[in-house]
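model-v3.cif (mmCIF, C-alpha atoms)
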```cif
data_my_file
loop_
_atom_site.label_atom_id
_atom_site.label_comp_id
_atom_site.auth_asym_id
_atom_site.auth_seq_id
_atom_site.Cartn_x
_atom_site.Cartn_y
_atom_site.Cartn_z
CA MET A 14 15.02 77.71 17.86
CA ASN A 15 11.22 77.75 17.92
CA ASP A 16 10.81 76.16 14.51
CA ALA A 17 8.63 73.08 14.48
CA PHE A 18 10.33 69.69 14.38
CA ALA A 19 9.20 66.10 13.92
CA CYS A 20 8.42 63.53 16.56
CA LEU A 21 6.50 60.28 16.83
CA MET A 22 3.48 61.01 19.00
CA VAL A 23 1.32 58.32 20.59
CA ARG A 24 -2.27 59.35 21.28
CA ARG A 25 -5.60 57.79 22.23
CA ASN A 26 -8.76 59.19 20.66
CA ASP A 27 -12.16 59.58 22.28
CA ALA A 28 -13.13 56.09 21.12
CA GLY A 29 -10.13 54.63 22.96
CA LYS A 30 -8.12 53.78 19.83
CA VAL A 31 -4.36 54.24 20.12
CA SER A 32 -2.35 55.67 17.23
CA ALA A 33 1.32 56.50 16.70
CA ALA A 34 2.04 59.08 13.99
CA ILE A 35 4.53 61.76 12.98
CA GLU A 36 3.62 65.20 14.33
CA LYS A 37 5.27 68.61 14.43
CA ILE A 38 5.94 70.15 17.83
CA LYS A 39 8.09 73.04 19.12
CA LEU A 40 10.81 73.23 21.74
CA HIS A 41 8.50 74.79 24.30
CA ASP A 42 6.34 71.66 24.06
CA LEU A 43 9.16 69.49 25.43
CA PRO A 44 9.29 68.53 29.11
CA ALA A 45 11.52 70.49 31.44
CA GLY A 46 15.20 69.59 31.77
CA ASP A 47 18.72 70.98 32.05
CA VAL A 48 20.04 69.81 28.69
CA LEU A 49 18.56 70.19 25.21
CA ILE A 50 19.90 67.62 22.74
CA LYS A 51 19.60 67.50 18.97
CA VAL A 52 18.97 63.81 18.35
CA SER A 53 20.99 62.16 15.61
CA CYS A 54 20.04 58.58 16.40
CA SER A 55 17.81 56.45 18.61
CA SER A 56 16.94 52.75 18.67
CA LEU A 57 14.00 50.41 18.97
CA ASN A 58 13.73 48.20 22.05
CA TYR A 59 10.98 45.86 23.20
CA LYS A 60 9.95 48.48 25.74
CA ASP A 61 9.63 51.04 22.94
CA ALA A 62 7.44 48.66 20.97
CA LEU A 63 5.10 48.44 23.95
CA ALA A 64 5.16 52.22 24.36
CA CYS A 65 4.11 52.66 20.73
CA GLN A 66 0.92 50.82 21.66
CA ALA A 67 0.47 52.80 24.89
CA HIS A 68 1.05 49.75 27.10
CA PRO A 69 0.01 50.88 30.61
CA GLY A 70 3.06 49.21 32.16
CA VAL A 71 5.34 51.50 30.15
CA VAL A 72 3.50 54.70 29.26
CA ARG A 73 2.22 56.70 32.21
CA GLN A 74 0.32 59.41 30.36
CA LEU A 75 -0.82 60.29 26.84
CA PRO A 76 -0.02 61.97 24.51
CA HIS A 77 3.51 60.59 24.62
CA VAL A 78 6.75 60.47 22.63
CA PRO A 79 8.44 57.04 23.02
CA GLY A 80 12.12 56.22 22.71
CA ILE A 81 14.13 55.05 25.74
CA ASP A 82 17.44 55.76 23.95
CA ALA A 83 18.84 58.91 22.35
CA ALA A 84 22.22 60.12 21.13
CA GLY A 85 23.23 63.41 19.61
CA SER A 86 24.78 66.79 20.36
CA VAL A 87 24.03 69.33 23.09
CA VAL A 88 22.25 72.47 21.89
CA GLU A 89 21.65 74.19 25.24
CA SER A 90 22.77 73.33 28.76
CA ALA A 91 22.09 74.76 32.20
CA SER A 92 24.63 72.32 33.65
CA ASP A 93 28.36 73.00 33.98
CA ASP A 94 28.98 69.37 33.00
CA PHE A 95 27.87 69.85 29.38
CA ARG A 96 28.37 72.50 26.73
CA PRO A 97 26.79 73.14 23.32
CA GLY A 98 28.37 70.84 20.75
CA ASP A 99 29.18 68.04 23.19
CA GLU A 100 28.34 64.57 21.87
CA VAL A 101 26.21 62.73 24.41
CA LEU A 102 23.88 59.79 24.93
CA VAL A 103 20.91 59.07 27.18
CA THR A 104 19.46 55.68 28.07
CA GLY A 105 17.13 54.58 30.82
CA TYR A 106 15.77 56.62 33.71
CA ASP A 107 12.29 57.87 32.71
CA LEU A 108 13.21 58.62 29.10
CA GLY A 109 10.51 57.31 26.80
CA THR A 110 8.24 56.30 29.69
CA SER A 111 7.02 59.13 31.93
CA HIS A 112 9.30 61.62 30.12
CA TRP A 113 9.11 62.25 26.36
CA GLY A 114 11.80 60.25 24.63
CA GLY A 115 14.15 59.88 21.73
CA TYR A 116 11.70 59.48 18.82
CA ALA A 117 12.03 63.16 18.04
CA GLN A 118 14.54 65.51 16.51
CA TYR A 119 15.11 67.11 19.92
CA VAL A 120 14.89 65.94 23.53
CA ARG A 121 15.23 67.87 26.77
CA VAL A 122 16.34 65.92 29.85
CA PRO A 123 17.85 66.35 33.32
CA ALA A 124 21.64 66.62 33.28
CA ALA A 125 21.90 63.64 35.65
CA TRP A 126 20.63 61.40 32.84
CA VAL A 127 23.21 62.51 30.29
CA VAL A 128 26.40 60.55 29.56
CA ALA A 129 29.30 62.05 27.63
CA MET A 130 29.94 60.04 24.48
CA PRO A 131 32.90 57.72 25.17
CA ALA A 132 36.01 58.40 23.10
CA GLY A 133 35.96 56.55 19.81
CA MET A 134 32.21 55.85 19.93
CA THR A 135 29.76 57.42 17.45
CA SER A 136 26.09 58.10 18.02
CA GLU A 137 25.23 55.23 15.68
CA THR A 138 27.44 52.81 17.59
CA ALA A 139 26.06 54.00 20.92
CA MET A 140 22.52 53.38 19.72
CA ALA A 141 23.44 50.05 18.15
CA TYR A 142 24.16 49.10 21.75
CA GLY A 143 21.46 51.27 23.32
CA THR A 144 19.49 49.96 26.27
CA ALA A 145 19.76 46.43 24.86
CA GLY A 146 23.56 46.49 24.82
CA PHE A 147 23.69 48.28 28.16
CA THR A 148 21.45 45.59 29.64
CA ALA A 149 23.51 42.79 28.09
CA ALA A 150 26.68 44.32 29.51
CA GLN A 151 25.11 44.52 32.96
CA CYS A 152 24.29 40.81 32.72
CA VAL A 153 27.89 40.03 31.81
CA LYS A 154 29.12 42.24 34.65
CA ALA A 155 26.91 40.33 37.12
CA ILE A 156 28.27 36.98 35.93
CA ARG A 157 31.87 38.16 36.19
CA HIS A 158 31.23 39.79 39.57
CA HIS A 159 29.98 36.41 40.77
CA GLY A 160 33.37 34.95 39.88
CA ILE A 161 32.32 32.86 36.88
CA GLU A 162 35.33 32.39 34.58
CA PRO A 163 35.43 30.97 31.02
CA SER A 164 37.04 27.82 32.41
CA ASP A 165 34.02 27.15 34.63
CA GLY A 166 31.87 25.89 31.74
CA GLU A 167 29.12 26.86 29.33
CA VAL A 168 27.16 30.08 29.62
CA VAL A 169 23.68 29.95 28.09
CA VAL A 170 21.80 32.92 26.62
CA THR A 171 18.05 32.73 25.96
CA GLY A 172 16.24 34.88 23.43
CA ALA A 173 19.59 35.00 21.69
CA SER A 174 18.23 36.45 18.44
CA GLY A 175 16.88 39.54 20.18
CA GLY A 176 18.72 42.75 20.93
CA VAL A 177 19.83 41.91 24.48
CA GLY A 178 20.46 38.25 23.73
CA SER A 179 22.54 38.74 20.59
CA LEU A 180 24.70 41.40 22.23
CA ALA A 181 25.16 39.23 25.33
CA VAL A 182 26.34 36.37 23.08
CA ALA A 183 28.84 38.67 21.38
CA ILE A 184 30.26 40.20 24.57
CA LEU A 185 30.57 36.85 26.35
CA ALA A 186 32.28 35.28 23.34
CA LYS A 187 34.68 38.22 23.09
CA LEU A 188 35.66 37.61 26.72
CA GLY A 189 36.41 33.96 26.01
CA TYR A 190 33.29 32.22 27.32
CA GLN A 191 31.82 29.14 25.66
CA VAL A 192 28.36 30.43 24.77
CA THR A 193 25.26 28.37 24.02
CA ALA A 194 22.60 30.44 22.27
CA ILE A 195 18.95 29.47 22.63
CA THR A 196 16.58 30.85 20.03
CA GLY A 197 13.24 30.17 18.42
CA LYS A 198 14.56 31.50 15.12
CA PRO A 199 16.74 28.80 13.52
CA ALA A 200 17.28 31.04 10.48
CA GLN A 201 19.49 33.24 12.67
CA ALA A 202 21.85 30.39 13.65
CA SER A 203 24.54 31.52 11.20
CA LEU A 204 24.53 35.05 12.58
CA LEU A 205 24.75 33.80 16.16
CA GLN A 206 27.72 31.66 15.22
CA GLN A 207 29.38 34.70 13.67
CA LEU A 208 28.84 36.51 16.98
CA GLY A 209 30.69 33.72 18.76
CA ALA A 210 28.07 31.18 19.87
CA SER A 211 29.61 27.72 20.02
CA GLN A 212 26.24 25.95 20.05
CA ILE A 213 22.70 26.84 18.93
CA LEU A 214 19.73 25.17 20.62
CA PRO A 215 15.96 25.53 20.11
CA ARG A 216 13.95 27.26 22.80
CA GLU A 217 12.55 23.89 23.93
CA ALA A 218 16.00 23.07 25.32
CA ALA A 219 15.36 25.51 28.14
CA ASN A 220 11.70 24.81 28.78
CA ASP A 221 11.42 21.75 30.97
CA THR A 222 7.81 21.24 32.02
CA SER A 223 8.41 18.46 34.53
CA ALA A 224 7.76 18.95 38.21
CA LYS A 225 11.36 18.10 39.14
CA PRO A 226 12.72 20.70 41.59
CA LEU A 227 16.24 20.21 40.18
CA LEU A 228 17.55 19.12 36.79
CA PRO A 229 21.00 17.82 35.83
CA ALA A 230 23.48 20.65 36.31
CA ARG A 231 24.72 21.99 32.98
CA TRP A 232 25.35 25.74 32.91
CA ALA A 233 28.03 27.71 34.71
CA ALA A 234 25.93 30.83 34.21
CA ALA A 235 23.02 32.15 32.17
CA VAL A 236 21.57 35.32 30.69
CA ASP A 237 17.79 35.10 30.49
CA THR A 238 15.65 37.54 28.53
CA VAL A 239 12.53 35.37 28.52
CA GLY A 240 11.32 34.80 32.08
CA GLY A 241 8.59 32.34 33.02
CA ASN A 242 9.28 28.63 32.83
CA THR A 243 12.43 29.24 30.80
CA LEU A 244 13.99 31.12 33.70
CA ALA A 245 12.80 28.42 36.09
CA THR A 246 14.41 25.76 33.88
CA LEU A 247 17.71 27.62 33.86
CA LEU A 248 17.70 27.95 37.64
CA ARG A 249 17.07 24.22 38.02
CA SER A 250 19.89 23.31 35.61
CA THR A 251 22.64 25.74 36.66
CA ASN A 252 25.83 24.39 38.25
CA HIS A 253 26.64 24.65 41.93
CA ARG A 254 27.38 28.29 42.83
CA GLY A 255 26.37 29.41 39.33
CA CYS A 256 24.72 32.69 38.44
CA VAL A 257 21.63 33.47 36.35
CA ALA A 258 21.20 37.09 35.23
CA ALA A 259 17.52 37.80 34.55
CA CYS A 260 16.60 40.86 32.51
CA GLY A 261 13.40 40.17 30.57
CA LEU A 262 9.91 38.71 30.43
CA ALA A 263 9.33 38.10 26.73
CA SER A 264 7.57 34.84 27.63
CA ASP A 265 6.04 35.38 31.07
CA HIS A 266 6.43 37.48 34.22
CA GLU A 267 5.63 34.53 36.51
CA LEU A 268 8.43 32.37 37.95
CA PRO A 269 7.27 28.79 38.69
CA THR A 270 10.13 27.41 40.77
CA THR A 271 11.12 26.29 44.24
CA VAL A 272 13.87 27.31 46.66
CA TYR A 273 15.91 24.17 45.89
CA PRO A 274 18.26 25.71 43.29
CA PHE A 275 19.14 28.39 45.84
CA ILE A 276 19.53 26.31 49.01
CA LEU A 277 20.93 23.08 47.56
CA ARG A 278 23.14 24.41 44.75
CA GLY A 279 23.71 27.95 45.94
CA VAL A 280 22.57 29.39 42.62
CA THR A 281 22.38 33.17 42.48
CA LEU A 282 19.54 34.90 40.65
CA ALA A 283 20.83 38.34 39.67
CA GLY A 284 18.12 40.80 38.70
CA ILE A 285 19.15 43.35 36.08
CA ASP A 286 17.53 46.78 36.14
CA SER A 287 18.83 49.08 33.42
CA ALA A 288 16.64 52.13 33.86
CA GLN A 289 17.83 53.04 37.35
CA CYS A 290 21.39 51.72 37.18
CA PRO A 291 23.60 53.89 39.47
CA ARG A 292 25.54 56.53 37.56
CA GLU A 293 29.03 55.30 38.50
CA SER A 294 28.26 51.81 37.24
CA ARG A 295 26.52 53.27 34.18
CA LEU A 296 29.62 55.24 33.20
CA GLN A 297 31.87 52.21 33.75
CA ILE A 298 29.73 50.03 31.51
CA TRP A 299 29.65 52.56 28.66
CA GLN A 300 33.42 52.88 28.90
CA ARG A 301 33.79 49.12 28.63
CA LEU A 302 31.48 48.97 25.63
CA ALA A 303 33.77 51.51 23.98
CA THR A 304 36.96 49.60 24.83
CA ASP A 305 37.60 46.03 25.99
CA TRP A 306 33.98 44.86 25.57
CA ARG A 307 33.54 46.53 22.17
CA ILE A 308 31.90 44.35 19.52
CA ASP A 309 33.90 44.60 16.31
CA ASP A 310 31.20 43.52 13.84
CA LEU A 311 28.27 45.33 15.41
CA GLU A 312 27.01 46.40 11.99
CA ASN A 313 26.01 42.78 11.28
CA LEU A 314 23.42 43.08 14.02
CA THR A 315 21.86 46.38 12.98
CA ARG A 316 19.30 47.72 10.55
CA THR A 317 18.24 51.35 10.12
CA ILE A 318 14.73 52.80 9.89
CA SER A 319 13.16 56.27 9.99
CA LEU A 320 10.63 57.61 12.47
CA THR A 321 7.82 56.77 10.05
CA ASP A 322 8.86 53.11 10.09
CA VAL A 323 8.75 52.77 13.87
CA PRO A 324 5.06 51.76 14.37
CA SER A 325 5.14 48.91 11.85
CA THR A 326 8.55 47.71 13.05
CA ALA A 327 7.31 47.82 16.63
CA GLU A 328 4.40 45.57 15.67
CA ALA A 329 6.81 43.13 14.03
CA MET A 330 8.98 43.14 17.15
CA LEU A 331 6.05 42.33 19.43
CA ALA A 332 5.12 39.51 17.05
CA GLY A 333 8.62 38.06 17.34
CA LYS A 334 9.51 38.82 13.73
CA THR A 335 12.62 40.94 14.27
CA PHE A 336 16.16 40.17 15.34
CA GLY A 337 19.25 42.06 16.43
CA ARG A 338 19.18 45.83 16.77
CA THR A 339 17.20 48.52 14.97
CA LEU A 340 18.50 52.10 14.70
CA VAL A 341 16.02 54.95 14.35
CA LEU A 342 17.20 58.01 12.42
CA PRO A 343 15.02 61.13 12.67
CA LYS A 344 14.71 62.91 9.33
CA ARG A 345 15.82 66.53 9.29
#
```

Would you write out, as structure tokens, the structure that this file holds?
Amino acid sequence: MNDAFACLMVRRNDAGKVSAAIEKIKLHDLPAGDVLIKVSCSSLNYKDALACQAHPGVVRQLPHVPGIDAAGSVVESASDDFRPGDEVLVTGYDLGTSHWGGYAQYVRVPAAWVVAMPAGMTSETAMAYGTAGFTAAQCVKAIRHHGIEPSDGEVVVTGASGGVGSLAVAILAKLGYQVTAITGKPAQASLLQQLGASQILPREAANDTSAKPLLPARWAAAVDTVGGNTLATLLRSTNHRGCVAACGLASDHELPTTVYPFILRGVTLAGIDSAQCPRESRLQIWQRLATDWRIDDLENLTRTISLTDVPSTAEAMLAGKTFGRTLVLPKR
């Protein structure tokens, strides 16, 4: 068990240049934890792309192994909850940020982070969802918890070509909602329609630059992955007692708005935090993704790369040149 294995290591040299390259490490190099997992699959998220470039808002210390998602089988466990051979998954918490992550053939993590693989779900399917799908499902849960039903009107999803956005479109459509997908990638319109979007709009449709504190009410609810003025536009154009689930900042972390959507229309802004989602809710969401919220044609959203492909794919993601979900398979 002390044989060297591959990982993607991010380092900064003495000149300050950051690099991400395949290295060989051993099990004793891994951080402490209760459960050792042989990784069969991971995925690439926007946060991972930032980690590959040592973004200080994501990576706390170098050298570092990114990868906020991992799925595979238990090799060793100091916890009574898991045994060798168990199929498991890990998303969120500090994985891939302050704790070495899933871009390796093995990870060691606290038992509290580990989720037993839901019945009928494979590692590849779990990672096709990954943090993106988990986040999308949390957005849907927030909208439903707020009492928004399909009969209440259109639900809009921004950044709909991305991982979170595309999965949110698919889950909402599966549950019977009329979904409007907003994207800056018109070439992906056909795919979004296959996922269930009833209407495709350009990103300008949710980027009102006027100073109006309120806009004509249009949306029953929204899932926003973009932030900035897009989120402000959605808040100003959501129906009375509507709900906007905010989970991203692909455009901007600032929110230029007023209190009017909240005090005149009673709009709810639901913040979605995936990393520290409480365990009970986490388990419920994964169970739903394996059952009644399961996306039947998930393979249409996914592509597969190896560890060596991660740095270049991460650059493409940060440049807005990717869509859907990317699986990462560590070579044995």

Starting from the displayed file, determine the output of the PyMOL selection byres ((chain A and resi 148-156) around 10) and express the residue list as an MDAnalysis selection string. chainID A and resid 142:147 157:162 168 176:185 188 233:238 255:261 281:288 290 294:295 298:299 301:302 306

Could you save those same residues with C-alpha atoms as an mmCIF file, in the frame of the given file?
```cif
data_model
loop_
_atom_site.group_PDB
_atom_site.id
_atom_site.type_symbol
_atom_site.label_atom_id
_atom_site.label_comp_id
_atom_site.auth_asym_id
_atom_site.auth_seq_id
_atom_site.Cartn_x
_atom_site.Cartn_y
_atom_site.Cartn_z
ATOM 1 C CA TYR A 142 24.160 49.100 21.750
ATOM 2 C CA GLY A 143 21.460 51.270 23.320
ATOM 3 C CA THR A 144 19.490 49.960 26.270
ATOM 4 C CA ALA A 145 19.760 46.430 24.860
ATOM 5 C CA GLY A 146 23.560 46.490 24.820
ATOM 6 C CA PHE A 147 23.690 48.280 28.160
ATOM 7 C CA ARG A 157 31.870 38.160 36.190
ATOM 8 C CA HIS A 158 31.230 39.790 39.570
ATOM 9 C CA HIS A 159 29.980 36.410 40.770
ATOM 10 C CA GLY A 160 33.370 34.950 39.880
ATOM 11 C CA ILE A 161 32.320 32.860 36.880
ATOM 12 C CA GLU A 162 35.330 32.390 34.580
ATOM 13 C CA VAL A 168 27.160 30.080 29.620
ATOM 14 C CA GLY A 176 18.720 42.750 20.930
ATOM 15 C CA VAL A 177 19.830 41.910 24.480
ATOM 16 C CA GLY A 178 20.460 38.250 23.730
ATOM 17 C CA SER A 179 22.540 38.740 20.590
ATOM 18 C CA LEU A 180 24.700 41.400 22.230
ATOM 19 C CA ALA A 181 25.160 39.230 25.330
ATOM 20 C CA VAL A 182 26.340 36.370 23.080
ATOM 21 C CA ALA A 183 28.840 38.670 21.380
ATOM 22 C CA ILE A 184 30.260 40.200 24.570
ATOM 23 C CA LEU A 185 30.570 36.850 26.350
ATOM 24 C CA LEU A 188 35.660 37.610 26.720
ATOM 25 C CA ALA A 233 28.030 27.710 34.710
ATOM 26 C CA ALA A 234 25.930 30.830 34.210
ATOM 27 C CA ALA A 235 23.020 32.150 32.170
ATOM 28 C CA VAL A 236 21.570 35.320 30.690
ATOM 29 C CA ASP A 237 17.790 35.100 30.490
ATOM 30 C CA THR A 238 15.650 37.540 28.530
ATOM 31 C CA GLY A 255 26.370 29.410 39.330
ATOM 32 C CA CYS A 256 24.720 32.690 38.440
ATOM 33 C CA VAL A 257 21.630 33.470 36.350
ATOM 34 C CA ALA A 258 21.200 37.090 35.230
ATOM 35 C CA ALA A 259 17.520 37.800 34.550
ATOM 36 C CA CYS A 260 16.600 40.860 32.510
ATOM 37 C CA GLY A 261 13.400 40.170 30.570
ATOM 38 C CA THR A 281 22.380 33.170 42.480
ATOM 39 C CA LEU A 282 19.540 34.900 40.650
ATOM 40 C CA ALA A 283 20.830 38.340 39.670
ATOM 41 C CA GLY A 284 18.120 40.800 38.700
ATOM 42 C CA ILE A 285 19.150 43.350 36.080
ATOM 43 C CA ASP A 286 17.530 46.780 36.140
ATOM 44 C CA SER A 287 18.830 49.080 33.420
ATOM 45 C CA ALA A 288 16.640 52.130 33.860
ATOM 46 C CA CYS A 290 21.390 51.720 37.180
ATOM 47 C CA SER A 294 28.260 51.810 37.240
ATOM 48 C CA ARG A 295 26.520 53.270 34.180
ATOM 49 C CA ILE A 298 29.730 50.030 31.510
ATOM 50 C CA TRP A 299 29.650 52.560 28.660
ATOM 51 C CA ARG A 301 33.790 49.120 28.630
ATOM 52 C CA LEU A 302 31.480 48.970 25.630
ATOM 53 C CA TRP A 306 33.980 44.860 25.570
#
```

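Using all atoms listed in the file for every distance, the candidate list A:Gln191, A:Asn313, A:Thr335, A:Thr138 yields A:Thr335 as the residue closest to Gly172 of chain A.
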
Find, counting all atoms listed in the file, the residue in A:Tyr190, A:Ala28, A:Ala19, A:Asp265 that gets nearest to Thr321 of chain A. A:Ala19

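Counting all atoms listed in the file, the residue from A:Leu227, A:Leu340, A:Leu296, A:Leu244 that sits nearest to Trp126 of chain A is A:Leu296.
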
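Going from atom CA of Gly85 of chain A to atom CA of Pro291 of chain A covers 22.0 Å.
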
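Among the candidate residues A:Ser90, A:Ser319, A:Asn26, A:Thr110, the one lying nearest to Pro123 of chain A is A:Ser90, with distances computed using all atoms listed in the file.
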
Chain and number of each residue from the PyMOL selection byres ((chain A and resi 248-253) around 7), as a ChimeraX atom specification: /A:226-234,244-247,254-255,257,274,278-280

Apply the PyMOL selection byres ((chain A and resi 267) around 8) to the structure shown and report the selected residues as a PyMOL selection string. chain A and resi 240-242+265-266+268-269

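Here the question is which of A:Thr104, A:Gln74, A:Ser325, A:Ser174 gets nearest to Gly337 of chain A using only C-alpha atoms, and that residue is A:Ser174.
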
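Distances to Val122 of chain A were evaluated for A:Ile276, A:Leu49, A:Val78, A:Val87 using all atoms listed in the file, and the minimum falls at A:Leu49.
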
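Note that atom CA of Glu89 of chain A and atom CA of Arg73 of chain A are 27.1 Å apart.
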
Find the spatial neighbours of Asn58 of chain A, counting all atoms listed in the file, within a cut-off of 9 Å - ignore same-chain residues fewer than 3 positions away - and output them as a count of residues only. 14

Edge lengths and centre, in Å to one decimal, as lines of an AutoDock Vina configuration file: that's what I need for the box along x, y and z that holds all listed atoms of segment 77-81 of chain A plus 4 Å on each side.
```
center_x = 8.8
center_y = 57.8
center_z = 24.2
size_x = 18.6
size_y = 13.5
size_z = 11.1
```

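For the atom pair formed by atom CA of Ser264 of chain A and atom CA of Tyr106 of chain A, the distance is 24.1 Å, given to one decimal.
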
Can you tell me, as number ranges by chain, what residues are no more than 10 Å from Asp310 of chain A when counting only C-alpha atoms, ignoring any on the same chain fewer than 3 positions away? A: 183, 207-208, 307, 313-315

Using the incomplete input, complete segment 307-320 of chain A to the level of N, CA and C atoms; output as a short mmCIF file (atom, residue, chain, number, x, y, z; two decimals), keeping the file's coordinate frame.
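What landed in selection23.cif:
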```cif
data_model
loop_
_atom_site.label_atom_id
_atom_site.label_comp_id
_atom_site.auth_asym_id
_atom_site.auth_seq_id
_atom_site.Cartn_x
_atom_site.Cartn_y
_atom_site.Cartn_z
N ARG A 307 34.06 46.05 23.45
CA ARG A 307 33.54 46.53 22.17
C ARG A 307 33.35 45.37 21.20
N ILE A 308 32.21 45.37 20.51
CA ILE A 308 31.90 44.35 19.52
C ILE A 308 32.36 44.85 18.15
N ASP A 309 33.27 44.12 17.54
CA ASP A 309 33.90 44.60 16.31
C ASP A 309 32.96 44.60 15.10
N ASP A 310 32.08 43.63 15.01
CA ASP A 310 31.20 43.52 13.84
C ASP A 310 29.76 43.86 14.19
N LEU A 311 29.60 44.93 14.93
CA LEU A 311 28.27 45.33 15.41
C LEU A 311 27.31 45.62 14.26
N GLU A 312 27.87 46.07 13.12
CA GLU A 312 27.01 46.40 11.99
C GLU A 312 26.23 45.19 11.47
N ASN A 313 26.73 43.98 11.71
CA ASN A 313 26.01 42.78 11.28
C ASN A 313 24.71 42.57 12.04
N LEU A 314 24.59 43.24 13.18
CA LEU A 314 23.42 43.08 14.02
C LEU A 314 22.37 44.17 13.80
N THR A 315 22.71 45.21 13.02
CA THR A 315 21.86 46.38 12.98
C THR A 315 21.18 46.60 11.64
N ARG A 316 20.01 47.21 11.72
CA ARG A 316 19.30 47.72 10.55
C ARG A 316 18.89 49.14 10.91
N THR A 317 18.56 49.94 9.90
CA THR A 317 18.24 51.35 10.12
C THR A 317 16.86 51.66 9.55
N ILE A 318 16.05 52.37 10.34
CA ILE A 318 14.73 52.80 9.89
C ILE A 318 14.56 54.28 10.21
N SER A 319 13.50 54.88 9.67
CA SER A 319 13.16 56.27 9.99
C SER A 319 12.04 56.29 11.02
N LEU A 320 11.72 57.48 11.50
CA LEU A 320 10.63 57.61 12.47
C LEU A 320 9.32 57.05 11.93
#
```
